[in-house]
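Since the structure comes first, as structure tokens, the remarks are kept for the end.
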Amino acid sequence: MSADTHEAAATATVASAGKPHLRRDSSVSAVLAGLVAVLVSYSGPLVIVLSAAAAGHLTQARTGSWVWAISIGSGLTCLGLSLYTRMPIITAWSTPGAALLVTSLGSYPYPEAIGAFVVTGVLIALIGVTGVFGRLMRQVPSAIVSAMLAGILFSFGTSVFTSVKTGPWTAGGVLIAYLLAKRFVPRYAVLAALVVGVGCAAASSRLHVHVDSFEFARPEWTTPHLSAAALIGITVPLLVATLASQNAPGMGVLAASGYAPSDRLLIGSTGAMSAVLAPFGSHAVNLAAITAAICTGPEAHHDPRRRYVAGVSCGVFYLIVGMFGSTLVAVFAGLPKELVAAVAGVALFGALASGLTGAMADPQHRESALITFLATASGVTLWGIGSAFWGLIAGVLAHVVLSVRPIRRAPRP
């Protein structure tokens, strides 16, 4: 039996291995993986949420409540689902959903937008608990899922080297520290890269973190109002974007890492959390893909049964940021983009390698997997839906054309 088969067998029985023992299972690498995942979330996708809030002319209080809601929702689902399943379940807010709101939020009264958020969460929960979403995902060959994962992570891998052009000391220091630590202390390679990267950024005067005081976030309730216009203009595209661009690749990342998660539990739980927190501004909480890959791969821990600690760690850091709201967001915003890109890239090397290996392993599915990888890595966006979904569709179509045999009719007598 191969090493990959052993790992898959181990992860399949994780959920039944008894109660988690955090003290025994905790490791620096897993906790750091959760921290890096949160760092990536707040240094990039949050900017889109803030842009949507500005486009919708939201007050500072409502904007702060929105940040609080998506942070608390992501933290609670990460923490609870990771502990319950003993898998590294990483959730986040819908980035493509926020991108859609940049152009649409200002067209509706805010209470009507909140009503659309509530309905979106309820519909996602129903789609999840009925098992419809999972049945569709299980029809996709594993090679195509792995190729989609590799395509999602490809730009993050290349960003390590493109960042060297604009921040040679910071990005270069991260890469060199990672390689040296990988050679001598592989479990702490990402930690070494982060520490050296921060040091290089500070030495080159590129670290701009200014925090005057810590203030607790104040959630603000908005009573939802339902309108046909908002349901059509916000709910429909937000529902499709969240399921196709976030939950589908999120399930794919877990499957590509050898886990067998319950789609009913994960999609149902995140949809319900979205609906509960929608009156405070949360547009959608869903499974993560890119940040999930940081926590589900061997960089988090060599033992897949102990990687759930990365999900717990991610949830705790989300909750901390959520409690302090914009104060800690300012900390993440002060980090140079080259540092974030380089650290995220080296943290995803292992997941990217696994995705490429799984995509090319089976000659029968190799070409359809290649098409999936290229379409996903292209970054193309159509009708507000990201390239991960279109890569999946392209790969499935190629698989049908190249692999499925036509039904032969019996000859007439």
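By order in the structure tokens, chains are A, B, ...; within a chain, residues start at 1; ligands start at 1, following the order shown.
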Would you list the contacts of Ile234 in chain A as a PyMOL selection string, taking every protein, DNA or RNA residue within 8 Å and counting only C-alpha atoms, but skipping same-chain residues closer than 5 positions in sequence?
chain A and resi 101+104-105+113+116-117
Quick one: write out the picked residues with N, CA and C atoms as a short mmCIF file (atom, residue, chain, number, x, y, z; two decimals), in the first residue's frame?
data_model
loop_
_atom_site.label_atom_id
_atom_site.label_comp_id
_atom_site.auth_asym_id
_atom_site.auth_seq_id
_atom_site.Cartn_x
_atom_site.Cartn_y
_atom_site.Cartn_z
N LEU A 101 -21.03 42.87 -4.58
CA LEU A 101 -21.68 43.93 -3.82
C LEU A 101 -21.06 45.29 -4.07
N SER A 104 -23.39 46.50 -6.64
CA SER A 104 -24.83 46.36 -6.46
C SER A 104 -25.37 46.87 -5.12
N LEU A 105 -24.52 46.94 -4.10
CA LEU A 105 -25.02 47.27 -2.76
C LEU A 105 -25.65 48.66 -2.71
N ALA A 113 -30.95 44.96 1.47
CA ALA A 113 -29.76 44.16 1.22
C ALA A 113 -29.57 43.14 2.34
N ALA A 116 -31.81 40.28 1.75
CA ALA A 116 -31.26 39.40 0.72
C ALA A 116 -30.16 38.53 1.28
N PHE A 117 -29.34 39.06 2.21
CA PHE A 117 -28.29 38.25 2.84
C PHE A 117 -28.90 37.10 3.65
#
Do a neighbour search on Pro298 in chain A at 12 Å with only C-alpha atoms, toss out local chain neighbours closer than 2 positions, and write the hits as an mmCIF file with C-alpha atoms, in the first residue's frame.
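Below is the file part29.cif, written as the result:
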data_model
loop_
_atom_site.group_PDB
_atom_site.id
_atom_site.type_symbol
_atom_site.label_atom_id
_atom_site.label_comp_id
_atom_site.auth_asym_id
_atom_site.auth_seq_id
_atom_site.Cartn_x
_atom_site.Cartn_y
_atom_site.Cartn_z
ATOM 1 C CA GLU A 7 -2.726 8.852 4.525
ATOM 2 C CA SER A 29 3.402 24.413 12.718
ATOM 3 C CA ALA A 30 -0.379 23.920 12.966
ATOM 4 C CA ALA A 33 -0.730 27.676 9.652
ATOM 5 C CA PRO A 88 -8.923 21.310 9.406
ATOM 6 C CA PRO A 186 11.360 21.352 8.105
ATOM 7 C CA ARG A 187 8.527 21.583 10.664
ATOM 8 C CA TYR A 188 9.376 25.237 11.307
ATOM 9 C CA ALA A 189 10.109 26.309 7.747
ATOM 10 C CA VAL A 190 7.094 28.621 7.432
ATOM 11 C CA SER A 257 -5.882 16.491 0.948
ATOM 12 C CA GLY A 258 -7.336 13.048 1.670
ATOM 13 C CA ALA A 293 -4.878 24.772 1.503
ATOM 14 C CA ILE A 294 -2.472 26.392 3.969
ATOM 15 C CA CYS A 295 -3.999 24.401 6.820
ATOM 16 C CA THR A 296 -4.790 21.075 5.140
ATOM 17 C CA ALA A 300 0.533 22.385 8.853
ATOM 18 C CA HIS A 301 1.601 18.988 10.232
ATOM 19 C CA HIS A 302 2.997 15.786 8.745
ATOM 20 C CA ASP A 303 0.242 13.799 10.500
ATOM 21 C CA PRO A 304 -3.138 14.548 8.851
ATOM 22 C CA ARG A 305 -4.926 13.541 12.070
ATOM 23 C CA ARG A 306 -3.375 16.504 13.873
ATOM 24 C CA ARG A 307 -4.004 19.160 11.245
ATOM 25 C CA TYR A 308 -7.403 19.971 12.748
ATOM 26 C CA ALA A 310 -4.746 24.497 12.337
ATOM 27 C CA ALA A 347 3.156 28.010 2.939
ATOM 28 C CA LEU A 348 1.253 26.691 -0.097
ATOM 29 C CA PHE A 349 4.194 24.924 -1.790
ATOM 30 C CA GLY A 350 3.219 21.556 -0.310
ATOM 31 C CA ALA A 351 -0.449 21.860 -1.245
ATOM 32 C CA LEU A 352 0.429 22.973 -4.775
ATOM 33 C CA ALA A 353 2.781 20.000 -5.204
ATOM 34 C CA SER A 354 0.085 17.608 -3.971
#
Just want the 10 Å neighbourhood of Gly151 in chain A, counted on only C-alpha atoms, with same-chain residues fewer than 2 positions away dropped. Output as an MDAnalysis selection string.
chainID A and resid 145:149 153:156 352 355:356 370:379 387:388 391
Closest to Leu123 in chain A among A:Val309, A:Leu238, A:Gly281, A:Ser163, using only C-alpha atoms?
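Selected residue with least distance to Leu123 in chain A: A:Leu238.
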Considering only C-alpha atoms, state which residue in the set A:Thr381, A:Ile144, A:Ser204, A:Arg23 is at the smallest distance from Ala171 in chain A.
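That would be A:Ser204, the residue with the smallest distance to Ala171 in chain A.
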Can you build me a table of range 257-294 of chain A residues sitting at most 6 Å from range 64-77 of chain A, with the closest atom pair per residue and its distance in Å to one decimal, using only C-alpha atoms, sorted by chain and residue number, as JSON lines?
{"residue": "A:Leu277", "atom": "CA", "partner": "A:Ala69", "partner_atom": "CA", "distance": 6.0}
{"residue": "A:Phe280", "atom": "CA", "partner": "A:Ser65", "partner_atom": "CA", "distance": 5.9}
{"residue": "A:Gly281", "atom": "CA", "partner": "A:Trp66", "partner_atom": "CA", "distance": 4.3}
{"residue": "A:Ser282", "atom": "CA", "partner": "A:Ile70", "partner_atom": "CA", "distance": 5.2}
So which residues touch Leu35 in chain A within 8 Å, counting only C-alpha atoms, skipping near sequence neighbours fewer than 2 positions away, as a ChimeraX atom specification?
/A:31-33,37-39,313-314,317
Selection to disk with C-alpha atoms, as a compact mmCIF listing (two decimals), in the first residue's frame:
# COMPACT_ATOMS: atom_id res chain seq x y z
CA VAL A 31 -0.93 27.06 15.04
CA LEU A 32 1.24 29.02 12.63
CA ALA A 33 -0.73 27.68 9.65
CA ALA A 37 -4.43 31.78 6.89
CA VAL A 38 -5.94 34.65 8.88
CA LEU A 39 -3.11 36.95 7.80
CA SER A 313 -6.06 28.05 15.56
CA CYS A 314 -7.53 29.84 12.55
CA PHE A 317 -7.39 34.18 15.53
